[in-house]
>>> print(open('coords_27.cif').read())   # mmCIF, C-alpha atoms
data_work
#
loop_
_atom_site.group_PDB
_atom_site.id
_atom_site.type_symbol
_atom_site.label_atom_id
_atom_site.label_comp_id
_atom_site.auth_asym_id
_atom_site.auth_seq_id
_atom_site.Cartn_x
_atom_site.Cartn_y
_atom_site.Cartn_z
ATOM 1 C CA MET W 30 -25.265 -8.756 32.510
ATOM 2 C CA ARG W 31 -22.857 -6.567 34.450
ATOM 3 C CA LYS W 32 -19.849 -8.547 33.220
ATOM 4 C CA PHE W 33 -21.134 -8.326 29.662
ATOM 5 C CA LEU W 34 -21.450 -4.524 29.878
ATOM 6 C CA GLU W 35 -17.972 -4.266 31.372
ATOM 7 C CA LYS W 36 -16.616 -6.335 28.493
ATOM 8 C CA ILE W 37 -18.328 -4.086 25.951
ATOM 9 C CA LYS W 38 -16.851 -1.073 27.702
ATOM 10 C CA LEU W 39 -13.383 -2.598 27.400
ATOM 11 C CA TYR W 40 -13.880 -3.287 23.695
ATOM 12 C CA LEU W 41 -15.073 0.277 23.138
ATOM 13 C CA SER W 42 -11.912 1.604 24.774
ATOM 14 C CA LEU W 43 -9.913 -0.202 22.085
ATOM 15 C CA ILE W 44 -11.162 2.116 19.354
ATOM 16 C CA LYS W 45 -9.927 5.397 20.928
ATOM 17 C CA SER W 46 -13.322 7.031 20.590
ATOM 18 C CA LEU W 47 -12.074 10.636 20.307
ATOM 19 C CA GLN W 48 -9.525 9.823 17.608
ATOM 20 C CA THR W 49 -12.052 7.698 15.740
ATOM 21 C CA ALA W 50 -14.672 10.456 15.950
ATOM 22 C CA LEU W 51 -12.239 13.059 14.592
ATOM 23 C CA LEU W 52 -11.242 10.889 11.622
ATOM 24 C CA LEU W 53 -14.880 10.022 10.954
ATOM 25 C CA PHE W 54 -15.702 13.723 11.033
ATOM 26 C CA THR W 55 -13.081 14.433 8.360
ATOM 27 C CA GLY W 56 -14.654 11.749 6.142
ATOM 28 C CA ILE W 57 -18.069 13.360 6.615
ATOM 29 C CA THR W 58 -16.501 16.729 5.779
ATOM 30 C CA GLY W 59 -15.068 15.384 2.536
ATOM 31 C CA PHE W 60 -18.481 14.058 1.510
ATOM 32 C CA MET W 61 -20.376 17.207 2.485
ATOM 33 C CA SER W 62 -17.909 19.400 0.610
ATOM 34 C CA ALA W 63 -19.578 18.096 -2.566
ATOM 35 C CA LYS W 64 -23.007 16.660 -1.680
ATOM 36 C CA CYS W 65 -25.885 17.350 0.676
ATOM 37 C CA PRO W 66 -26.335 14.432 3.133
ATOM 38 C CA VAL W 67 -30.112 14.908 3.255
ATOM 39 C CA LEU W 68 -30.498 14.430 -0.501
ATOM 40 C CA ASN W 69 -28.106 11.463 -0.442
ATOM 41 C CA PHE W 70 -29.212 9.958 2.860
ATOM 42 C CA ASN W 71 -28.629 6.245 2.127
ATOM 43 C CA ILE W 72 -25.117 6.806 0.799
ATOM 44 C CA PHE W 73 -24.351 9.150 3.702
ATOM 45 C CA VAL W 74 -25.406 6.539 6.267
ATOM 46 C CA SER W 75 -23.274 3.929 4.507
ATOM 47 C CA LEU W 76 -20.324 6.321 4.584
ATOM 48 C CA ILE W 77 -20.672 6.800 8.337
ATOM 49 C CA GLY W 78 -21.154 3.101 9.052
ATOM 50 C CA SER W 79 -18.388 1.739 6.839
ATOM 51 C CA LEU W 80 -15.895 4.436 7.811
ATOM 52 C CA PHE W 81 -16.594 3.967 11.516
ATOM 53 C CA LEU W 82 -15.935 0.231 11.223
ATOM 54 C CA THR W 83 -12.726 0.576 9.217
ATOM 55 C CA ILE W 84 -11.274 3.342 11.388
ATOM 56 C CA SER W 85 -12.164 1.405 14.540
ATOM 57 C CA GLY W 86 -10.709 -1.811 13.116
ATOM 58 C CA SER W 87 -7.482 -0.071 12.149
ATOM 59 C CA THR W 88 -7.179 1.454 15.616
ATOM 60 C CA ILE W 89 -7.700 -1.919 17.297
ATOM 61 C CA LEU W 90 -5.040 -3.497 15.083
ATOM 62 C CA ASN W 91 -2.635 -0.705 16.019
ATOM 63 C CA MET W 92 -3.299 -1.404 19.696
ATOM 64 C CA TYR W 93 -2.648 -5.090 19.076
ATOM 65 C CA PHE W 94 0.774 -4.466 17.514
ATOM 66 C CA ASP W 95 1.699 -1.734 20.024
ATOM 67 C CA ARG W 96 0.662 -3.612 23.165
ATOM 68 C CA ASP W 97 4.276 -4.273 24.228
ATOM 69 C CA ILE W 98 5.339 -0.627 24.051
ATOM 70 C CA ASP W 99 2.062 0.521 25.611
ATOM 71 C CA LYS W 100 3.047 -1.455 28.729
ATOM 72 C CA LYS W 101 6.171 0.697 29.113
ATOM 73 C CA MET W 102 4.423 4.084 29.051
ATOM 74 C CA PRO W 103 2.447 5.340 32.065
ATOM 75 C CA ARG W 104 0.080 7.155 29.680
ATOM 76 C CA THR W 105 -0.953 3.914 27.944
ATOM 77 C CA ALA W 106 -0.213 1.157 30.465
ATOM 78 C CA HIS W 107 -3.873 1.047 31.526
ATOM 79 C CA ARG W 108 -5.127 0.168 28.031
ATOM 80 C CA PRO W 109 -6.975 -3.179 27.869
ATOM 81 C CA LEU W 110 -4.314 -5.027 25.873
ATOM 82 C CA ALA W 111 -1.351 -3.555 27.741
ATOM 83 C CA SER W 112 -2.940 -4.338 31.111
ATOM 84 C CA GLY W 113 -4.020 -7.836 30.074
ATOM 85 C CA LYS W 114 -7.754 -7.196 30.454
ATOM 86 C CA ILE W 115 -8.347 -8.338 26.865
ATOM 87 C CA LYS W 116 -6.536 -11.220 25.198
ATOM 88 C CA PRO W 117 -4.389 -10.239 22.179
ATOM 89 C CA SER W 118 -6.082 -12.845 19.983
ATOM 90 C CA GLU W 119 -9.515 -11.365 20.765
ATOM 91 C CA ALA W 120 -8.367 -7.890 19.711
ATOM 92 C CA LEU W 121 -6.678 -9.196 16.554
ATOM 93 C CA TYR W 122 -9.758 -11.083 15.362
ATOM 94 C CA LEU W 123 -12.076 -8.206 16.258
ATOM 95 C CA GLY W 124 -9.895 -5.658 14.447
ATOM 96 C CA LEU W 125 -9.654 -7.805 11.316
ATOM 97 C CA PHE W 126 -13.354 -8.666 11.345
ATOM 98 C CA ILE W 127 -14.754 -5.149 11.583
ATOM 99 C CA SER W 128 -12.145 -3.814 9.129
ATOM 100 C CA VAL W 129 -13.210 -6.363 6.516
ATOM 101 C CA ILE W 130 -16.908 -5.704 7.172
ATOM 102 C CA GLY W 131 -16.319 -1.976 6.746
ATOM 103 C CA LEU W 132 -14.377 -2.444 3.506
ATOM 104 C CA VAL W 133 -16.994 -4.774 2.036
ATOM 105 C CA TRP W 134 -19.763 -2.373 3.018
ATOM 106 C CA GLY W 135 -17.844 0.456 1.387
ATOM 107 C CA ALA W 136 -17.238 -1.543 -1.794
ATOM 108 C CA LEU W 137 -20.984 -2.084 -2.142
ATOM 109 C CA ILE W 138 -21.489 1.662 -2.572
ATOM 110 C CA SER W 139 -18.247 2.562 -4.373
ATOM 111 C CA PHE W 140 -15.141 0.547 -5.200
ATOM 112 C CA LEU W 141 -13.030 3.728 -5.444
ATOM 113 C CA TYR W 142 -14.171 4.842 -2.005
ATOM 114 C CA SER W 143 -13.436 1.431 -0.482
ATOM 115 C CA PHE W 144 -10.006 1.293 -2.135
ATOM 116 C CA ILE W 145 -9.012 4.674 -0.683
ATOM 117 C CA VAL W 146 -10.169 3.533 2.765
ATOM 118 C CA PHE W 147 -8.124 0.348 2.310
ATOM 119 C CA LEU W 148 -5.058 2.470 1.520
ATOM 120 C CA GLY W 149 -5.642 4.305 4.785
ATOM 121 C CA ILE W 150 -5.633 1.028 6.717
ATOM 122 C CA PHE W 151 -2.575 -0.215 4.826
ATOM 123 C CA PHE W 152 -0.499 2.894 5.493
ATOM 124 C CA ASP W 153 -1.642 3.123 9.106
ATOM 125 C CA VAL W 154 -1.234 -0.480 10.215
ATOM 126 C CA PHE W 155 1.419 -1.979 7.963
ATOM 127 C CA VAL W 156 3.615 0.943 6.890
ATOM 128 C CA TYR W 157 3.373 3.209 9.938
ATOM 129 C CA THR W 158 2.790 0.904 12.912
ATOM 130 C CA ILE W 159 4.448 -2.381 11.933
ATOM 131 C CA TRP W 160 7.277 -1.212 9.672
ATOM 132 C CA LEU W 161 8.419 2.315 10.570
ATOM 133 C CA LYS W 162 7.157 3.493 13.970
ATOM 134 C CA ARG W 163 9.948 1.811 15.922
ATOM 135 C CA LYS W 164 12.652 2.671 13.386
ATOM 136 C CA THR W 165 12.390 6.335 12.433
ATOM 137 C CA PRO W 166 10.640 9.521 13.581
ATOM 138 C CA TRP W 167 9.736 10.143 9.925
ATOM 139 C CA SER W 168 7.106 7.443 10.324
ATOM 140 C CA ILE W 169 4.674 10.272 11.117
ATOM 141 C CA LEU W 170 4.745 11.182 7.410
ATOM 142 C CA TRP W 171 3.119 7.865 6.568
ATOM 143 C CA GLY W 172 0.817 8.179 9.535
ATOM 144 C CA GLY W 173 -0.203 11.533 8.105
ATOM 145 C CA ILE W 174 -0.982 9.975 4.738
ATOM 146 C CA SER W 175 -3.266 7.440 6.401
ATOM 147 C CA GLY W 176 -4.893 10.263 8.378
ATOM 148 C CA GLY W 177 -5.736 12.039 5.122
ATOM 149 C CA MET W 178 -7.460 9.038 3.553
ATOM 150 C CA PRO W 179 -10.895 9.358 5.272
ATOM 151 C CA ILE W 180 -11.465 12.908 3.997
ATOM 152 C CA LEU W 181 -10.231 11.954 0.526
ATOM 153 C CA ALA W 182 -12.503 8.883 0.565
ATOM 154 C CA GLY W 183 -15.505 10.965 1.594
ATOM 155 C CA ARG W 184 -14.877 13.443 -1.225
ATOM 156 C CA ALA W 185 -14.350 10.630 -3.753
ATOM 157 C CA LEU W 186 -17.608 8.977 -2.687
ATOM 158 C CA ALA W 187 -19.465 12.244 -3.305
ATOM 159 C CA THR W 188 -17.847 13.093 -6.646
ATOM 160 C CA GLY W 189 -17.082 9.646 -8.035
ATOM 161 C CA LYS W 190 -13.418 10.554 -8.607
ATOM 162 C CA VAL W 191 -10.239 11.785 -6.966
ATOM 163 C CA ASP W 192 -10.159 15.506 -7.769
ATOM 164 C CA SER W 193 -7.852 18.397 -6.888
ATOM 165 C CA ILE W 194 -10.037 19.525 -3.974
ATOM 166 C CA GLY W 195 -9.991 16.022 -2.500
ATOM 167 C CA LEU W 196 -6.200 15.945 -2.743
ATOM 168 C CA LEU W 197 -5.969 19.388 -1.113
ATOM 169 C CA LEU W 198 -8.216 18.200 1.702
ATOM 170 C CA ALA W 199 -5.962 15.183 2.279
ATOM 171 C CA LEU W 200 -2.876 17.410 2.067
ATOM 172 C CA SER W 201 -4.274 19.736 4.728
ATOM 173 C CA ILE W 202 -4.575 16.770 7.104
ATOM 174 C CA LEU W 203 -1.099 15.493 6.178
ATOM 175 C CA LEU W 204 0.477 18.892 6.868
ATOM 176 C CA TRP W 205 -1.501 19.293 10.089
ATOM 177 C CA ILE W 206 -0.369 15.953 11.543
ATOM 178 C CA PRO W 207 3.184 17.129 12.511
ATOM 179 C CA THR W 208 1.771 20.091 14.477
ATOM 180 C CA HIS W 209 -0.574 17.709 16.276
ATOM 181 C CA ILE W 210 1.824 14.790 16.813
ATOM 182 C CA LEU W 211 5.114 16.599 17.446
ATOM 183 C CA THR W 212 3.666 18.814 20.169
ATOM 184 C CA PHE W 213 2.323 15.630 21.749
ATOM 185 C CA SER W 214 5.734 13.930 21.480
ATOM 186 C CA MET W 215 7.351 16.841 23.334
ATOM 187 C CA ILE W 216 4.735 16.786 26.074
ATOM 188 C CA TYR W 217 5.212 13.034 26.588
ATOM 189 C CA PHE W 218 8.924 12.944 25.738
ATOM 190 C CA GLU W 219 9.838 10.676 28.664
ATOM 191 C CA ASP W 220 7.072 8.188 27.883
ATOM 192 C CA TYR W 221 8.289 7.706 24.331
ATOM 193 C CA ARG W 222 11.901 7.485 25.524
ATOM 194 C CA LYS W 223 11.027 4.701 27.966
ATOM 195 C CA ALA W 224 9.227 2.815 25.217
ATOM 196 C CA GLY W 225 12.159 3.173 22.831
ATOM 197 C CA ILE W 226 10.125 4.998 20.172
ATOM 198 C CA PRO W 227 12.291 7.348 18.046
ATOM 199 C CA THR W 228 10.644 10.775 18.072
ATOM 200 C CA PHE W 229 11.743 14.078 16.536
ATOM 201 C CA PRO W 230 12.629 15.601 19.944
ATOM 202 C CA ALA W 231 14.765 12.565 20.823
ATOM 203 C CA VAL W 232 16.524 12.263 17.450
ATOM 204 C CA TYR W 233 16.791 15.889 16.270
ATOM 205 C CA GLY W 234 16.256 17.910 19.438
ATOM 206 C CA PHE W 235 13.475 20.185 20.652
ATOM 207 C CA LYS W 236 14.564 23.259 18.683
ATOM 208 C CA TYR W 237 14.440 21.477 15.325
ATOM 209 C CA THR W 238 11.107 19.889 16.294
ATOM 210 C CA ARG W 239 9.603 23.297 17.054
ATOM 211 C CA LEU W 240 10.833 24.543 13.665
ATOM 212 C CA ILE W 241 9.104 21.628 11.907
ATOM 213 C CA ILE W 242 5.918 22.419 13.835
ATOM 214 C CA PHE W 243 6.089 26.053 12.691
ATOM 215 C CA ILE W 244 6.575 25.031 9.041
ATOM 216 C CA SER W 245 3.807 22.448 9.377
ATOM 217 C CA SER W 246 1.418 25.079 10.741
ATOM 218 C CA ILE W 247 2.102 27.422 7.813
ATOM 219 C CA GLY W 248 1.654 24.560 5.335
ATOM 220 C CA THR W 249 -1.640 23.577 6.947
ATOM 221 C CA ALA W 250 -2.943 27.145 6.746
ATOM 222 C CA ILE W 251 -2.014 27.414 3.063
ATOM 223 C CA ALA W 252 -3.634 24.074 2.178
ATOM 224 C CA VAL W 253 -6.854 24.856 4.056
ATOM 225 C CA SER W 254 -7.019 28.313 2.471
ATOM 226 C CA LEU W 255 -6.668 26.780 -0.996
ATOM 227 C CA VAL W 256 -9.517 24.389 -0.194
ATOM 228 C CA LEU W 257 -11.827 27.230 0.807
ATOM 229 C CA PHE W 258 -10.872 29.238 -2.294
ATOM 230 C CA SER W 259 -11.421 26.196 -4.537
ATOM 231 C CA LEU W 260 -14.853 25.617 -3.024
ATOM 232 C CA GLY W 261 -15.784 29.233 -3.705
ATOM 233 C CA MET W 262 -16.328 30.123 -0.059
ATOM 234 C CA SER W 263 -17.578 33.613 0.779
ATOM 235 C CA TRP W 264 -15.270 36.257 2.224
ATOM 236 C CA GLY W 265 -16.944 35.800 5.593
ATOM 237 C CA TYR W 266 -15.548 32.277 5.881
ATOM 238 C CA LEU W 267 -12.167 33.371 4.566
ATOM 239 C CA ARG W 268 -11.956 36.168 7.131
ATOM 240 C CA LEU W 269 -12.834 33.737 9.903
ATOM 241 C CA LEU W 270 -10.183 31.332 8.647
ATOM 242 C CA SER W 271 -7.616 34.142 8.631
ATOM 243 C CA VAL W 272 -8.362 34.824 12.315
ATOM 244 C CA LEU W 273 -7.946 31.137 13.188
ATOM 245 C CA THR W 274 -4.755 31.000 11.112
ATOM 246 C CA VAL W 275 -3.208 33.942 12.944
ATOM 247 C CA GLY W 276 -3.792 32.052 16.182
ATOM 248 C CA LEU W 277 -2.258 28.813 14.881
ATOM 249 C CA VAL W 278 0.822 30.322 13.247
ATOM 250 C CA GLY W 279 1.229 32.818 16.080
ATOM 251 C CA LEU W 280 1.271 30.075 18.706
ATOM 252 C CA ALA W 281 3.699 27.996 16.636
ATOM 253 C CA LEU W 282 5.990 31.033 16.265
ATOM 254 C CA TYR W 283 5.763 31.816 19.987
ATOM 255 C CA SER W 284 6.609 28.175 20.771
ATOM 256 C CA LEU W 285 9.642 28.423 18.490
ATOM 257 C CA PHE W 286 11.227 31.105 20.682
ATOM 258 C CA LYS W 287 9.474 30.673 24.036
ATOM 259 C CA HIS W 288 9.454 26.948 24.643
ATOM 260 C CA SER W 289 7.517 25.537 27.599
ATOM 261 C CA GLN W 290 5.262 22.590 28.367
ATOM 262 C CA LYS W 291 2.352 24.995 28.803
ATOM 263 C CA THR W 292 2.929 26.453 25.325
ATOM 264 C CA ASN W 293 3.226 22.969 23.815
ATOM 265 C CA PHE W 294 -0.036 21.885 25.393
ATOM 266 C CA GLY W 295 -1.780 25.070 24.298
ATOM 267 C CA LEU W 296 -0.604 24.621 20.704
ATOM 268 C CA PHE W 297 -1.630 20.951 20.768
ATOM 269 C CA LYS W 298 -5.162 21.881 21.837
ATOM 270 C CA TYR W 299 -5.454 24.869 19.513
ATOM 271 C CA ALA W 300 -4.286 22.863 16.485
ATOM 272 C CA SER W 301 -7.193 20.475 17.039
ATOM 273 C CA LEU W 302 -9.644 23.359 17.396
ATOM 274 C CA TYR W 303 -8.234 24.972 14.243
ATOM 275 C CA MET W 304 -8.796 21.851 12.165
ATOM 276 C CA LEU W 305 -12.238 21.318 13.683
ATOM 277 C CA GLY W 306 -13.138 24.914 12.815
ATOM 278 C CA ALA W 307 -11.846 24.508 9.267
ATOM 279 C CA MET W 308 -13.881 21.323 8.781
ATOM 280 C CA LEU W 309 -17.033 23.035 10.065
ATOM 281 C CA MET W 310 -16.499 25.905 7.636
ATOM 282 C CA ILE W 311 -16.111 23.466 4.748
ATOM 283 C CA ILE W 312 -19.329 21.692 5.753
ATOM 284 C CA LEU W 313 -21.367 24.876 6.221
ATOM 285 C CA GLY W 314 -19.889 26.677 3.244
ATOM 286 C CA GLY W 315 -20.132 23.653 0.984
#
>>> encode(input="coords_27.cif", output="structure tokens")
Amino acid sequence: MRKFLEKIKLYLSLIKSLQTALLLFTGITGFMSAKCPVLNFNIFVSLIGSLFLTISGSTILNMYFDRDIDKKMPRTAHRPLASGKIKPSEALYLGLFISVIGLVWGALISFLYSFIVFLGIFFDVFVYTIWLKRKTPWSILWGGISGGMPILAGRALATGKVDSIGLLLALSILLWIPTHILTFSMIYFEDYRKAGIPTFPAVYGFKYTRLIIFISSIGTAIAVSLVLFSLGMSWGYLRLLSVLTVGLVGLALYSLFKHSQKTNFGLFKYASLYMLGAMLMIILGG
């Protein structure tokens, strides 16, 4: 029994629970921006279940294809595949199996929803991880597109179509990704260098990277503001968003001129809190 529980624990570590939870939360946000989960309980449960499976499956597949570079980075060397605690074939079959189950489950409630989720997996695993991640730092653009698919899928499931608000929601995630990822790539610059992964700091330098982060932060704030306006949010929510935006853009601007690891880490954390706050406002205001 103990060995079984330890094995389950290893499998659970494959899905990057925090990352999976954040992406799942964006999908829930997209749905709740248009429909009340209580009045659409069965569909809402199917959204959570199918999206959890597909996001988890995609994450496991990424770990499978990245296991060789994970071995080279101290930050990731302990992961089950990199450390040899789980066989690669086990992870591959598990990732494929739960991804397919999630897509089929999604298709049973909405083909459009399932197709958008499939696009997320395609861009994440095949375009970002397999094709571009080891070739160009601009791979994060495609990673950002995949990151925007859960919230777009959730909105499409609620409305039955891809509308302008859904696209704005996805755009807000896409524009937020550079702030999140590029600060991370500066913090763990040496790890990525050892693994041979081309990052913006390595290819274009830290100054240019900080400029991209600043532009990304402004773009994120504009996109999120447009979402709240489009949803007809009250001025109370808009004022709260403006306060959060001042913090995000202010930190990005400070980082542009006063670079330090402490500032990078602070911006990395605050960017996550900003997006979490924006999602909560969309849920409550919607």
>>> residues_near_point(input="coords_27.cif", point="(-11.9, 24.9, 11.1)", cutoff="12 Å", atoms="only C-alpha atoms", output="PyMOL selection string")
chain W and resi 54-55+58+201-202+205+249-250+253-254+256-257+266-274+276-277+299-314
>>> atom_distance(input="coords_27.cif", atom1="CA of Leu203 (chain W)", atom2="CA of Trp171 (chain W)")
8.7 Å
>>> residues_around(input="coords_27.cif", residues="Leu196 (chain W)", least_positions_apart="3", cutoff="12 Å", atoms="all atoms listed in the file", output="PyMOL selection string")
chain W and resi 59+145+174+177-185+190-193+199-203+252-253+255-256+259
>>> write_last_selection(input="coords_27.cif", atoms="C-alpha atoms", output="PDB file, in the coordinates of the input")
ATOM      1  CA  GLY W  59     -15.068  15.384   2.536  1.00  0.00           C
ATOM      2  CA  ILE W 145      -9.012   4.674  -0.683  1.00  0.00           C
ATOM      3  CA  ILE W 174      -0.982   9.975   4.738  1.00  0.00           C
ATOM      4  CA  GLY W 177      -5.736  12.039   5.122  1.00  0.00           C
ATOM      5  CA  MET W 178      -7.460   9.038   3.553  1.00  0.00           C
ATOM      6  CA  PRO W 179     -10.895   9.358   5.272  1.00  0.00           C
ATOM      7  CA  ILE W 180     -11.465  12.908   3.997  1.00  0.00           C
ATOM      8  CA  LEU W 181     -10.231  11.954   0.526  1.00  0.00           C
ATOM      9  CA  ALA W 182     -12.503   8.883   0.565  1.00  0.00           C
ATOM     10  CA  GLY W 183     -15.505  10.965   1.594  1.00  0.00           C
ATOM     11  CA  ARG W 184     -14.877  13.443  -1.225  1.00  0.00           C
ATOM     12  CA  ALA W 185     -14.350  10.630  -3.753  1.00  0.00           C
ATOM     13  CA  LYS W 190     -13.418  10.554  -8.607  1.00  0.00           C
ATOM     14  CA  VAL W 191     -10.239  11.785  -6.966  1.00  0.00           C
ATOM     15  CA  ASP W 192     -10.159  15.506  -7.769  1.00  0.00           C
ATOM     16  CA  SER W 193      -7.852  18.397  -6.888  1.00  0.00           C
ATOM     17  CA  ALA W 199      -5.962  15.183   2.279  1.00  0.00           C
ATOM     18  CA  LEU W 200      -2.876  17.410   2.067  1.00  0.00           C
ATOM     19  CA  SER W 201      -4.274  19.736   4.728  1.00  0.00           C
ATOM     20  CA  ILE W 202      -4.575  16.770   7.104  1.00  0.00           C
ATOM     21  CA  LEU W 203      -1.099  15.493   6.178  1.00  0.00           C
ATOM     22  CA  ALA W 252      -3.634  24.074   2.178  1.00  0.00           C
ATOM     23  CA  VAL W 253      -6.854  24.856   4.056  1.00  0.00           C
ATOM     24  CA  LEU W 255      -6.668  26.780  -0.996  1.00  0.00           C
ATOM     25  CA  VAL W 256      -9.517  24.389  -0.194  1.00  0.00           C
ATOM     26  CA  SER W 259     -11.421  26.196  -4.537  1.00  0.00           C
TER      27      SER W 259
END
>>> residues_around(input="coords_27.cif", residues="region 107-118 of chain W", least_positions_apart="3", cutoff="12 Å", atoms="all atoms listed in the file", output="ChimeraX atom specification")
/W:35-45,89-104,121-125
>>> atom_distance(input="coords_27.cif", atom1="CA of Ile127 (chain W)", atom2="CA of Val67 (chain W)")
26.6 Å
>>> closest_residue(input="coords_27.cif", among="W:Gly86, W:Gly225, W:Gly149, W:Gly173", to="Ile210 (chain W)", atoms="all atoms listed in the file")
W:Gly173
>>> atom_distance(input="coords_27.cif", atom1="CA of Phe60 (chain W)", atom2="CA of Met262 (chain W)")
16.3 Å
>>> axis_aligned_box(input="coords_27.cif", around="region 179-194 of chain W", padding_each_side="5 Å", output="JSON")
{"center_x": -13.7, "center_y": 14.2, "center_z": -1.7, "size_x": 21.6, "size_y": 20.6, "size_z": 23.9}
>>> closest_residue(input="coords_27.cif", among="W:Tyr221, W:Phe81, W:Tyr233, W:Tyr283", to="Arg163 (chain W)", atoms="only C-alpha atoms")
W:Tyr221
>>> closest_residue(input="coords_27.cif", among="W:Ala187, W:Gly195, W:His209, W:Arg222", to="Ala63 (chain W)", atoms="all atoms listed in the file")
W:Ala187
>>> closest_residue(input="coords_27.cif", among="W:Lys64, W:His288, W:Lys164, W:Lys298", to="Met215 (chain W)", atoms="only C-alpha atoms")
W:His288
>>> closest_residue(input="coords_27.cif", among="W:Leu52, W:Leu296, W:Leu186, W:Ala224", to="Phe73 (chain W)", atoms="all atoms listed in the file")
W:Leu186
>>> residues_around(input="coords_27.cif", residues="Thr158 (chain W)", least_positions_apart="2", cutoff="9 Å", atoms="only C-alpha atoms", output="list in words")
Asn91, Phe94, Asp95, Phe152, Asp153, Val154, Phe155, Val156, Trp160, Leu161, Lys162, Arg163, Ser168 and Gly172 of chain W
>>> resolve_selection(input="coords_27.cif", expression="the PyMOL selection byres ((chain W and resi 214) around 12)", output="PyMOL selection string")
chain W and resi 166+169+206-213+215-222+226-232+234-235+238-239+242+290+293-294+297
